[in-house]
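Text of the file work-v7.csv, holding CSV, C-alpha atoms and all ligand atoms:
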```csv
chain,number,residue,atom,x,y,z
A,56,MET,CA,79.4,66.1,134.5
A,57,THR,CA,76.2,64.9,132.9
A,58,SER,CA,73.7,67.0,134.9
A,59,GLU,CA,73.3,69.6,132.1
A,60,THR,CA,69.9,70.3,130.6
A,61,PRO,CA,68.9,68.5,127.4
A,62,ALA,CA,68.7,71.9,125.7
A,63,PHE,CA,72.3,72.8,126.7
A,64,LEU,CA,73.6,69.5,125.5
A,65,ALA,CA,71.7,69.7,122.2
A,66,THR,CA,73.1,73.2,121.5
A,67,GLN,CA,76.6,72.1,122.3
A,68,ALA,CA,76.3,68.9,120.2
A,69,ALA,CA,75.1,71.0,117.2
A,70,SER,CA,78.0,73.4,117.7
A,71,PHE,CA,80.6,70.5,117.7
A,72,ARG,CA,78.9,68.8,114.7
A,73,HIS,CA,78.9,72.1,112.8
A,74,PHE,CA,82.5,72.7,113.6
A,75,ALA,CA,83.5,69.2,112.5
A,76,LEU,CA,81.8,69.6,109.2
A,77,HIS,CA,82.6,73.2,108.3
A,78,GLU,CA,85.9,74.1,110.1
A,79,CYS,CA,88.0,70.9,110.2
A,80,ALA,CA,88.6,70.1,106.5
A,81,GLU,CA,92.4,70.3,107.0
A,82,ASP,CA,92.5,68.3,110.2
A,83,PRO,CA,90.9,64.8,110.3
A,84,LEU,CA,91.8,64.4,114.0
A,85,TYR,CA,89.9,67.5,115.0
A,86,ARG,CA,87.0,66.4,112.9
A,87,ALA,CA,86.9,63.0,114.6
A,88,ILE,CA,87.3,64.5,118.1
A,89,CYS,CA,84.4,67.0,117.5
A,90,LEU,CA,82.1,64.3,116.2
A,91,ALA,CA,83.0,62.1,119.2
A,92,VAL,CA,82.4,65.0,121.6
A,93,ALA,CA,79.0,65.7,119.9
A,94,GLU,CA,77.9,62.1,120.9
A,95,ALA,CA,79.2,62.3,124.5
A,96,PRO,CA,77.1,64.1,127.1
A,97,GLU,CA,80.0,63.9,129.6
A,98,LEU,CA,82.3,65.9,127.3
A,99,LEU,CA,79.6,68.3,126.2
A,100,GLY,CA,78.9,69.0,129.8
A,101,LEU,CA,82.4,70.3,130.3
A,102,MET,CA,81.5,73.3,128.1
A,103,ARG,CA,79.3,74.6,130.9
A,104,HIS,CA,82.5,75.6,132.7
A,105,ALA,CA,83.7,78.0,129.9
A,106,PRO,CA,82.6,81.6,130.1
A,107,GLY,CA,79.7,82.3,127.6
A,108,ARG,CA,81.7,84.1,124.9
A,109,GLN,CA,84.4,81.4,125.0
A,110,ARG,CA,82.0,78.4,124.9
A,111,ARG,CA,83.2,77.2,121.5
A,112,PRO,CA,84.7,73.9,120.2
A,113,ASN,CA,88.1,75.6,119.7
A,114,LEU,CA,88.4,76.1,123.4
A,115,LEU,CA,87.9,72.4,124.3
A,116,LEU,CA,90.2,71.3,121.5
A,117,ALA,CA,92.9,73.6,122.8
A,118,ALA,CA,92.4,72.4,126.4
A,119,LEU,CA,92.8,68.8,125.3
A,120,HIS,CA,95.8,69.6,123.2
A,121,GLU,CA,97.4,71.5,126.1
A,122,ARG,CA,97.2,68.3,128.2
A,123,ILE,CA,98.7,66.3,125.4
A,124,LEU,CA,101.6,68.9,125.0
A,125,SER,CA,102.1,68.8,128.8
A,126,GLY,CA,103.3,65.2,128.3
A,127,ALA,CA,100.2,63.5,130.0
A,128,ALA,CA,100.9,59.8,129.4
A,129,HIS,CA,97.9,58.3,127.6
A,130,GLU,CA,97.1,56.3,124.4
A,131,LEU,CA,95.2,59.3,123.0
A,132,ALA,CA,98.5,61.0,122.4
A,133,ALA,CA,99.2,58.5,119.6
A,134,TYR,CA,96.7,60.5,117.4
A,135,TYR,CA,98.5,63.9,117.9
A,136,PRO,CA,101.2,64.7,115.3
A,137,SER,CA,102.3,67.5,117.6
A,138,VAL,CA,103.8,64.9,120.0
A,139,GLY,CA,105.0,62.5,117.2
A,140,GLY,CA,101.7,60.6,117.0
A,141,THR,CA,101.0,58.8,113.7
A,142,ARG,CA,97.7,57.0,114.5
A,143,LEU,CA,94.9,58.0,112.2
A,144,PRO,CA,91.4,58.6,113.7
A,145,ASP,CA,89.7,55.2,114.1
A,146,ALA,CA,86.9,53.5,116.0
A,147,GLY,CA,89.0,53.5,119.2
A,148,LEU,CA,89.2,57.2,119.5
A,149,PRO,CA,85.9,58.1,121.2
A,150,GLU,CA,86.6,55.7,124.1
A,151,LEU,CA,90.1,56.9,124.5
A,152,LEU,CA,88.9,60.5,124.4
A,153,LEU,CA,86.4,59.9,127.2
A,154,ASP,CA,89.0,58.1,129.4
A,155,PHE,CA,91.6,60.9,128.8
A,156,ALA,CA,89.0,63.7,129.7
A,157,ASP,CA,88.0,61.8,132.8
A,158,ARG,CA,91.6,61.4,134.0
A,159,GLN,CA,92.5,65.0,133.1
A,160,GLN,CA,89.3,66.6,134.3
A,161,ALA,CA,90.7,68.9,136.9
A,162,ARG,CA,93.2,70.5,134.6
A,163,LEU,CA,90.8,70.6,131.7
A,164,LEU,CA,88.2,72.4,133.8
A,165,HIS,CA,90.9,74.9,134.9
A,166,GLN,CA,91.8,75.7,131.3
A,167,LEU,CA,88.1,76.0,130.2
A,168,ARG,CA,87.4,78.4,133.1
A,169,THR,CA,90.5,80.6,132.8
A,170,ARG,CA,91.8,80.5,129.2
A,171,SER,CA,90.6,81.9,125.9
A,172,THR,CA,91.7,80.8,122.5
A,173,GLN,CA,94.7,83.0,121.9
A,174,THR,CA,97.1,83.2,119.0
A,175,ASN,CA,100.1,85.2,118.1
A,176,GLU,CA,100.6,84.6,114.4
A,177,ILE,CA,104.0,85.6,113.0
A,178,GLY,CA,102.9,84.5,109.5
A,179,ARG,CA,101.4,88.0,109.4
A,180,CYS,CA,104.9,89.4,109.4
A,181,ALA,CA,105.3,88.3,105.8
A,182,VAL,CA,103.0,91.3,105.1
A,183,LEU,CA,104.1,93.5,107.9
A,184,TRP,CA,107.7,93.5,106.6
A,185,PRO,CA,106.9,95.0,103.2
A,186,ALA,CA,104.3,97.3,104.8
A,187,LEU,CA,106.9,98.8,107.1
A,188,GLN,CA,109.2,99.1,104.1
A,189,GLN,CA,106.5,101.0,102.3
A,190,ILE,CA,105.9,103.3,105.3
A,191,ALA,CA,109.6,104.1,105.5
A,192,HIS,CA,109.6,104.9,101.8
A,193,LEU,CA,106.5,107.0,101.9
A,194,THR,CA,107.5,109.0,105.0
A,195,GLU,CA,111.1,109.2,103.9
A,196,ARG,CA,112.2,108.0,107.4
A,197,GLU,CA,114.5,105.1,107.9
A,198,ALA,CA,114.0,104.9,111.7
A,199,LEU,CA,110.6,103.4,112.6
A,200,ALA,CA,109.1,103.1,116.1
A,201,LEU,CA,106.6,100.2,116.2
A,202,LEU,CA,103.7,99.9,118.6
A,203,ASP,CA,101.9,96.6,118.3
A,204,PHE,CA,98.4,97.2,119.7
A,205,GLY,CA,96.8,93.9,120.9
A,206,SER,CA,100.2,92.3,120.6
A,207,SER,CA,99.5,89.0,122.5
A,208,GLY,CA,103.0,87.8,123.2
A,209,GLY,CA,104.6,90.5,121.1
A,210,LEU,CA,106.0,88.0,118.6
A,211,ASN,CA,105.2,90.3,115.7
A,212,LEU,CA,107.6,92.9,117.2
A,213,GLY,CA,110.4,90.6,115.9
A,214,VAL,CA,109.3,91.3,112.3
A,215,ASP,CA,112.8,92.4,111.2
A,216,ARG,CA,114.4,89.2,112.7
A,217,TYR,CA,112.6,86.7,110.5
A,218,ARG,CA,113.2,85.4,107.0
A,219,TYR,CA,110.5,85.6,104.3
A,220,ASP,CA,110.3,83.3,101.4
A,221,TYR,CA,107.9,84.4,98.6
A,222,GLY,CA,109.0,81.8,96.1
A,223,GLN,CA,110.6,84.0,93.5
A,224,PHE,CA,112.3,86.3,96.0
A,225,GLN,CA,113.1,86.6,99.6
A,226,LEU,CA,113.0,89.4,102.1
A,227,GLY,CA,113.9,90.0,105.8
A,228,ALA,CA,116.9,88.7,107.7
A,229,PRO,CA,119.3,86.2,106.2
A,230,ALA,CA,118.4,82.5,106.6
A,231,ALA,CA,120.0,81.1,109.7
A,232,PRO,CA,119.5,78.0,112.0
A,233,GLY,CA,116.8,78.7,114.6
A,234,ARG,CA,115.4,81.7,112.6
A,235,PRO,CA,111.8,81.4,111.6
A,236,SER,CA,111.5,81.2,107.8
A,237,ILE,CA,108.0,82.2,106.7
A,238,ARG,CA,106.7,81.0,103.4
A,239,CYS,CA,104.2,83.2,101.7
A,240,ASP,CA,102.8,83.2,98.1
A,241,TRP,CA,103.2,86.6,96.6
A,242,LEU,CA,100.2,87.0,94.3
A,243,GLY,CA,99.8,89.3,91.4
A,244,ASP,CA,102.3,91.5,89.5
A,245,ALA,CA,103.0,94.3,91.9
A,246,PRO,CA,106.5,93.8,93.2
A,247,PRO,CA,107.7,94.9,96.6
A,248,LEU,CA,109.8,98.1,96.8
A,249,ALA,CA,113.4,97.9,95.7
A,250,ALA,CA,115.8,96.7,98.4
A,251,ASP,CA,117.5,100.2,98.5
A,252,SER,CA,114.7,101.6,100.6
A,253,ALA,CA,116.5,100.7,103.9
A,254,TRP,CA,114.7,100.9,107.2
A,255,HIS,CA,115.1,99.7,110.7
A,256,ILE,CA,113.1,99.6,114.0
A,257,THR,CA,114.6,101.8,116.7
A,258,GLN,CA,111.8,101.5,119.3
A,259,ARG,CA,109.2,98.7,119.8
A,260,LEU,CA,106.5,98.1,122.3
A,261,GLY,CA,103.6,95.7,122.6
A,262,LEU,CA,100.3,96.6,124.3
A,263,ASP,CA,97.6,94.2,125.3
A,264,LEU,CA,94.7,93.8,127.5
A,265,SER,CA,95.8,90.2,128.3
A,266,PRO,CA,99.3,89.8,127.0
A,267,VAL,CA,101.0,86.4,126.9
A,268,ASP,CA,104.3,86.3,128.8
A,269,VAL,CA,106.8,84.6,126.5
A,270,HIS,CA,108.9,83.7,129.6
A,271,ASP,CA,106.1,81.7,131.2
A,272,ASP,CA,106.3,78.1,129.9
A,273,GLU,CA,102.6,77.4,130.7
A,274,ALA,CA,101.4,80.5,128.9
A,275,VAL,CA,103.6,79.6,125.9
A,276,ARG,CA,102.3,76.0,125.9
A,277,TRP,CA,98.7,77.4,125.8
A,278,LEU,CA,99.7,79.4,122.7
A,279,ALA,CA,101.1,76.2,121.1
A,280,ALA,CA,97.9,74.3,122.2
A,281,CYS,CA,95.8,76.8,120.3
A,282,LEU,CA,97.5,75.7,117.0
A,283,TRP,CA,96.2,72.7,115.3
A,284,PRO,CA,98.1,69.5,115.9
A,285,HIS,CA,98.7,68.7,112.2
A,286,ASP,CA,100.3,72.1,111.5
A,287,ARG,CA,104.0,71.4,112.3
A,288,GLU,CA,105.2,74.4,110.3
A,289,ARG,CA,103.3,77.0,112.4
A,290,ALA,CA,104.4,75.1,115.6
A,291,LEU,CA,108.1,75.2,114.6
A,292,ARG,CA,108.1,78.9,113.8
A,293,LEU,CA,106.2,79.7,117.0
A,294,ASP,CA,108.9,77.9,119.0
A,295,GLN,CA,111.6,79.7,117.1
A,296,ALA,CA,109.9,83.1,117.5
A,297,VAL,CA,109.4,82.6,121.2
A,298,ALA,CA,113.1,81.7,121.6
A,299,LEU,CA,114.1,84.9,119.7
A,300,ALA,CA,111.6,87.0,121.8
A,301,ARG,CA,113.0,85.6,125.1
A,302,ALA,CA,116.5,86.6,124.0
A,303,ALA,CA,115.5,90.0,122.6
A,304,GLY,CA,113.4,91.0,125.6
A,305,HIS,CA,110.9,93.1,123.7
A,306,ALA,CA,108.7,95.1,126.0
A,307,VAL,CA,105.1,94.0,126.1
A,308,ARG,CA,102.8,95.8,128.6
A,309,GLN,CA,99.5,95.0,130.0
A,310,ALA,CA,97.0,97.9,130.1
A,311,ASP,CA,93.3,97.8,131.0
A,312,ASP,CA,92.9,100.8,128.7
A,313,CYS,CA,95.4,100.4,125.9
A,314,ILE,CA,93.9,103.2,123.9
A,315,ALA,CA,94.9,105.7,126.6
A,316,ALA,CA,98.5,104.3,126.4
A,317,ILE,CA,99.2,105.3,122.8
A,318,GLU,CA,99.9,109.0,123.2
A,319,PRO,CA,102.2,108.5,126.3
A,320,TRP,CA,104.2,106.1,124.1
A,321,LEU,CA,104.5,108.8,121.4
A,322,ASP,CA,105.8,111.1,124.1
A,323,THR,CA,108.8,108.7,124.7
A,324,LEU,CA,110.0,108.8,121.2
A,325,PRO,CA,113.1,110.8,120.1
A,326,ALA,CA,112.7,113.3,117.2
A,327,GLY,CA,113.2,112.0,113.7
A,328,VAL,CA,111.6,108.5,114.1
A,329,GLN,CA,108.4,107.6,112.4
A,330,PRO,CA,105.9,106.2,114.8
A,331,VAL,CA,103.8,103.3,113.4
A,332,LEU,CA,100.7,102.0,115.2
A,333,PHE,CA,100.0,98.4,114.1
A,334,ASN,CA,96.9,96.3,114.9
A,335,SER,CA,96.3,92.8,113.5
A,336,TRP,CA,93.1,90.8,114.2
A,337,VAL,CA,92.3,92.9,117.3
A,338,LEU,CA,89.5,95.3,116.4
A,339,ALA,CA,87.0,92.4,116.2
A,340,TYR,CA,87.3,92.1,120.0
A,341,PHE,CA,86.2,95.7,120.6
A,342,PRO,CA,82.6,96.5,121.5
A,343,PRO,CA,81.2,99.2,119.1
A,344,GLU,CA,81.8,102.1,121.4
A,345,GLU,CA,85.4,101.1,122.1
A,346,LEU,CA,86.0,100.7,118.4
A,347,ALA,CA,84.7,104.2,117.7
A,348,ARG,CA,86.9,105.6,120.5
A,349,TYR,CA,90.0,103.8,119.1
A,350,GLN,CA,89.3,105.1,115.6
A,351,ALA,CA,88.7,108.7,116.8
A,352,GLU,CA,91.9,108.6,119.0
A,353,VAL,CA,94.0,107.2,116.1
A,354,ALA,CA,92.6,109.8,113.7
A,355,ARG,CA,93.5,112.6,116.2
A,356,LEU,CA,97.1,111.2,116.6
A,357,VAL,CA,97.6,110.8,112.8
A,358,ARG,CA,96.6,114.5,112.4
A,359,SER,CA,98.4,116.0,115.4
A,360,ARG,CA,101.4,113.7,116.0
A,361,GLY,CA,102.4,112.4,112.6
A,362,LEU,CA,101.4,108.8,113.5
A,363,ALA,CA,101.2,106.2,110.7
A,364,TRP,CA,98.4,103.7,111.3
A,365,LEU,CA,98.8,100.2,109.8
A,366,SER,CA,95.8,98.0,110.3
A,367,ALA,CA,95.3,94.4,109.3
A,368,GLU,CA,91.8,93.3,110.0
A,369,SER,CA,88.7,91.9,108.3
A,370,PRO,CA,87.5,94.2,105.5
A,371,SER,CA,84.4,95.3,107.5
A,372,LEU,CA,86.8,96.9,110.0
A,373,ARG,CA,88.8,98.9,107.5
A,374,PRO,CA,89.2,102.7,108.1
A,375,THR,CA,86.0,104.5,107.4
A,376,ALA,CA,87.4,106.6,104.5
A,377,LEU,CA,88.7,103.6,102.6
A,378,ALA,CA,86.7,102.2,99.7
A,379,LEU,CA,86.9,98.4,99.4
A,380,PRO,CA,89.6,97.4,96.9
A,381,PRO,CA,88.8,94.7,94.3
A,382,THR,CA,88.3,91.4,96.0
A,383,ALA,CA,91.1,89.1,96.8
A,384,PRO,CA,91.4,85.7,95.2
A,385,GLY,CA,90.4,82.5,96.9
A,386,ALA,CA,88.1,81.9,99.8
A,387,SER,CA,87.3,84.2,102.7
A,388,PRO,CA,88.1,85.3,105.3
A,389,HIS,CA,90.9,87.6,104.2
A,390,SER,CA,92.8,90.3,106.0
A,391,LEU,CA,92.8,93.8,104.5
A,392,TRP,CA,96.0,95.8,105.2
A,393,SER,CA,95.4,99.5,105.2
A,394,LEU,CA,97.5,102.5,105.9
A,395,VAL,CA,96.5,106.0,107.2
A,396,TRP,CA,99.1,108.7,107.2
A,397,ARG,CA,98.7,112.5,106.9
A,398,ASP,CA,95.7,112.9,104.5
A,399,ARG,CA,96.3,109.5,102.8
A,400,THR,CA,94.1,106.5,103.4
A,401,GLU,CA,95.1,103.5,101.2
A,402,ALA,CA,94.8,99.8,100.9
A,403,LEU,CA,98.2,98.1,101.0
A,404,ALA,CA,97.4,94.5,100.6
A,405,TRP,CA,95.0,91.6,100.8
A,406,SER,CA,96.3,88.6,102.7
A,407,HIS,CA,95.4,85.2,104.1
A,408,PRO,CA,94.7,85.8,107.8
A,409,HIS,CA,97.8,83.8,108.8
A,410,GLY,CA,100.0,85.3,106.0
A,411,ARG,CA,100.0,82.2,103.7
A,412,TRP,CA,99.6,84.5,100.7
A,413,VAL,CA,99.6,88.2,100.0
A,414,GLN,CA,98.2,90.2,97.2
A,415,TRP,CA,100.1,93.5,97.3
A,416,LEU,CA,98.2,96.6,96.3
A,417,GLY,CA,100.5,99.3,97.6
B,1,LIG,C1,93.6,87.3,117.7
B,1,LIG,S1,94.8,88.0,118.9
B,1,LIG,C2,95.9,88.8,117.7
B,1,LIG,C3,97.3,89.0,118.3
B,1,LIG,C4,98.3,89.6,117.4
B,1,LIG,N1,97.9,90.9,117.0
B,1,LIG,C5,98.5,88.8,116.2
B,1,LIG,O1,98.3,89.3,115.1
B,1,LIG,O2,99.0,87.6,116.3
B,1,LIG,C6,93.9,89.4,119.6
B,1,LIG,C7,94.6,90.1,120.7
B,1,LIG,O3,93.9,91.3,121.0
B,1,LIG,C8,94.0,91.5,122.4
B,1,LIG,N2,92.9,92.4,122.8
B,1,LIG,C9,91.6,92.1,122.8
B,1,LIG,N3,90.9,93.2,123.2
B,1,LIG,C10,91.8,94.2,123.4
B,1,LIG,C11,91.7,95.5,123.9
B,1,LIG,N4,90.5,96.1,124.2
B,1,LIG,N5,92.9,96.2,124.1
B,1,LIG,C12,94.1,95.6,123.8
B,1,LIG,N6,94.2,94.4,123.4
B,1,LIG,C13,93.1,93.6,123.2
B,1,LIG,C14,93.8,90.0,122.9
B,1,LIG,O4,94.2,90.0,124.3
B,1,LIG,C15,94.7,89.3,122.0
B,1,LIG,O5,96.0,89.2,122.4
```

Could you rewrite the structure in this file as structure tokens?
Ligand SMILES: C[S@@+](CC[C@H](N)C(=O)[O-])C[C@H]1O[C@@H](n2cnc3c(N)ncnc32)[C@H](O)[C@@H]1O
Amino acid sequence: MTSETPAFLATQAASFRHFALHECAEDPLYRAICLAVAEAPELLGLMRHAPGRQRRPNLLLAALHERILSGAAHELAAYYPSVGGTRLPDAGLPELLLDFADRQQARLLHQLRTRSTQTNEIGRCAVLWPALQQIAHLTEREALALLDFGSSGGLNLGVDRYRYDYGQFQLGAPAAPGRPSIRCDWLGDAPPLAADSAWHITQRLGLDLSPVDVHDDEAVRWLAACLWPHDRERALRLDQAVALARAAGHAVRQADDCIAAIEPWLDTLPAGVQPVLFNSWVLAYFPPEELARYQAEVARLVRSRGLAWLSAESPSLRPTALALPPTAPGASPHSLWSLVWRDRTEALAWSHPHGRWVQWLG
């Protein structure tokens, strides 16, 4: 474990220190773990087993968290709120961390070699819901067919089954036990459309290069491990969304070329439904030539097949014809929600990447 070159260890140590100081403001446990890792060559050496693009502190944090969530009995678990721990980071943490990593080494290495940090954030549905309502209103079609491109586990396909609480008003399904209730601050004056613009989803499909199977307990535990241990609200709604998705059985398909699968999906739809292609936090994974291919194919299908394209991505990945709307409040990064349909290209909203707030522009 400690046979790595000094240069490799120094690079990794700098990366963990940087992460601790700049990314962990909300989570003192992750800050303490990253600082402890930065001082421990044995732990830094583990990163050699992660593929180059995944060699980031997030991956080791998720791998450790996954072992904790699996129920591994160890004193380190006392620091993790996700398993009921209440111990605050203290001087005992570095030694416990080293001992835990040593005992769990085989499983940790397996996760580092085979996993990538993956999320499926249903907080985004707090913006997806009014965006779909807007599309139904604009296209004058109540029946929508939703294709979630880069869907991960397909949890955002359940958008019409969740409850949304914006403070002064609520949208979505009625509150019920076991139903995710997503809190989202609605910023600015623009209200959502009136409730009389009814819509429903008649067809839904997820497509992903590496989908998460919501029926696979280990895969779901990895999704949960990628959440941060202090964030009990996200963990609860993930559990609830997975339970709903298991019961609903939404189709999520793996495809090595998801772009080529869009038009065949359109061919399956009955007349009269409005097809909606949705991508959220996916385009950043595309190499430039694949991004250009996706944009060209979507533009063709918007023109020739009446597709509505709803995109929630970083502003730099907005549709080429869209001028940047006035900046959103607060700190970056933000998601910019855009819609392309017929000859219209418009900005619908700014939002927090996980849907904590939305500033509606539509
Ligand atoms: C950050 S996750 C976002 C998942 C989901 N859209 C959400 O909002 O929670 C990015 C997803 O894009 C998928 N992905 C990456 N490259 C892809 C590609 N070329 N085609 C299809 N899916 C891809 C990944 O497997 C992953 O599930």

Test item: residues at most 12 Å from Val328 of chain A, all atoms listed in the file, excluding those fewer than 2 positions along its chain, as a list in words:
Ile190, Ala191, Thr194, Glu195, Arg196, Glu197, Ala198, Leu199, Ala200, Leu201, Trp254, His255, Ile256, Thr257, Gln258, Arg259, Leu321, Asp322, Thr323, Leu324, Pro325, Ala326, Pro330, Val331, Arg360, Gly361, Leu362 and Ala363 of chain A

Kindly give the distance, in Å, that separates atom CA of Ala274 of chain A and atom CA of Gly208 of chain A, rounded to a single decimal.
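Going from atom CA of Ala274 of chain A over to atom CA of Gly208 of chain A covers 9.4 Å.
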
Environment of ligand LIG 1 (chain B) within 6 Å, counting all atoms listed in the file, reported as a list in words:
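Those within range of ligand LIG 1 (chain B) are Gln173, Thr174, Asn175, Glu176, Gly205, Ser206, Ser207, Asp263, Leu264, Ser265, Pro266, Cys313, Asn334, Ser335, Trp336, Val337, Tyr340 and Phe341 of chain A.
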
Name the closest residue to Trp184 of chain A among the candidates A:Tyr349, A:Phe155, A:Phe63, A:Phe333; distances are taken between atoms, counting all atoms listed in the file.
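Going through A:Tyr349, A:Phe155, A:Phe63, A:Phe333 one by one, the smallest distance to Trp184 of chain A is for A:Phe333.
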
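The coordinates place atom CA of Ala280 of chain A at 8.5 Å from atom CA of Arg122 of chain A.
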
Give me the residues near Ala298 of chain A as a ChimeraX atom specification, where near means some atom within 10 Å (using only C-alpha atoms) and where sequence neighbours in that chain fewer than 4 positions away do not count.
/A:210,233-234,269-270,292-294,302-303

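Considering the residues A:Glu59, A:Glu150, A:Glu130, A:Asp220 and counting all atoms listed in the file, Val92 of chain A has its shortest atom-to-atom contact with A:Glu150.
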
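The space separating atom CA of Leu153 of chain A from atom CA of Thr60 of chain A comes to 19.8 Å.
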
For each of A:Leu346, A:Ala339, A:Leu163, A:Ala181, take the minimum atom-to-atom distance to Ala228 of chain A, counting only C-alpha atoms, then give the residue where this is smallest.
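Closest to Ala228 of chain A, using only C-alpha atoms: A:Ala181.
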
In terms of only C-alpha atoms, the residue from A:Asp311, A:Asp145, A:Glu352, A:Asp271 at minimal distance from Pro83 of chain A is A:Asp145
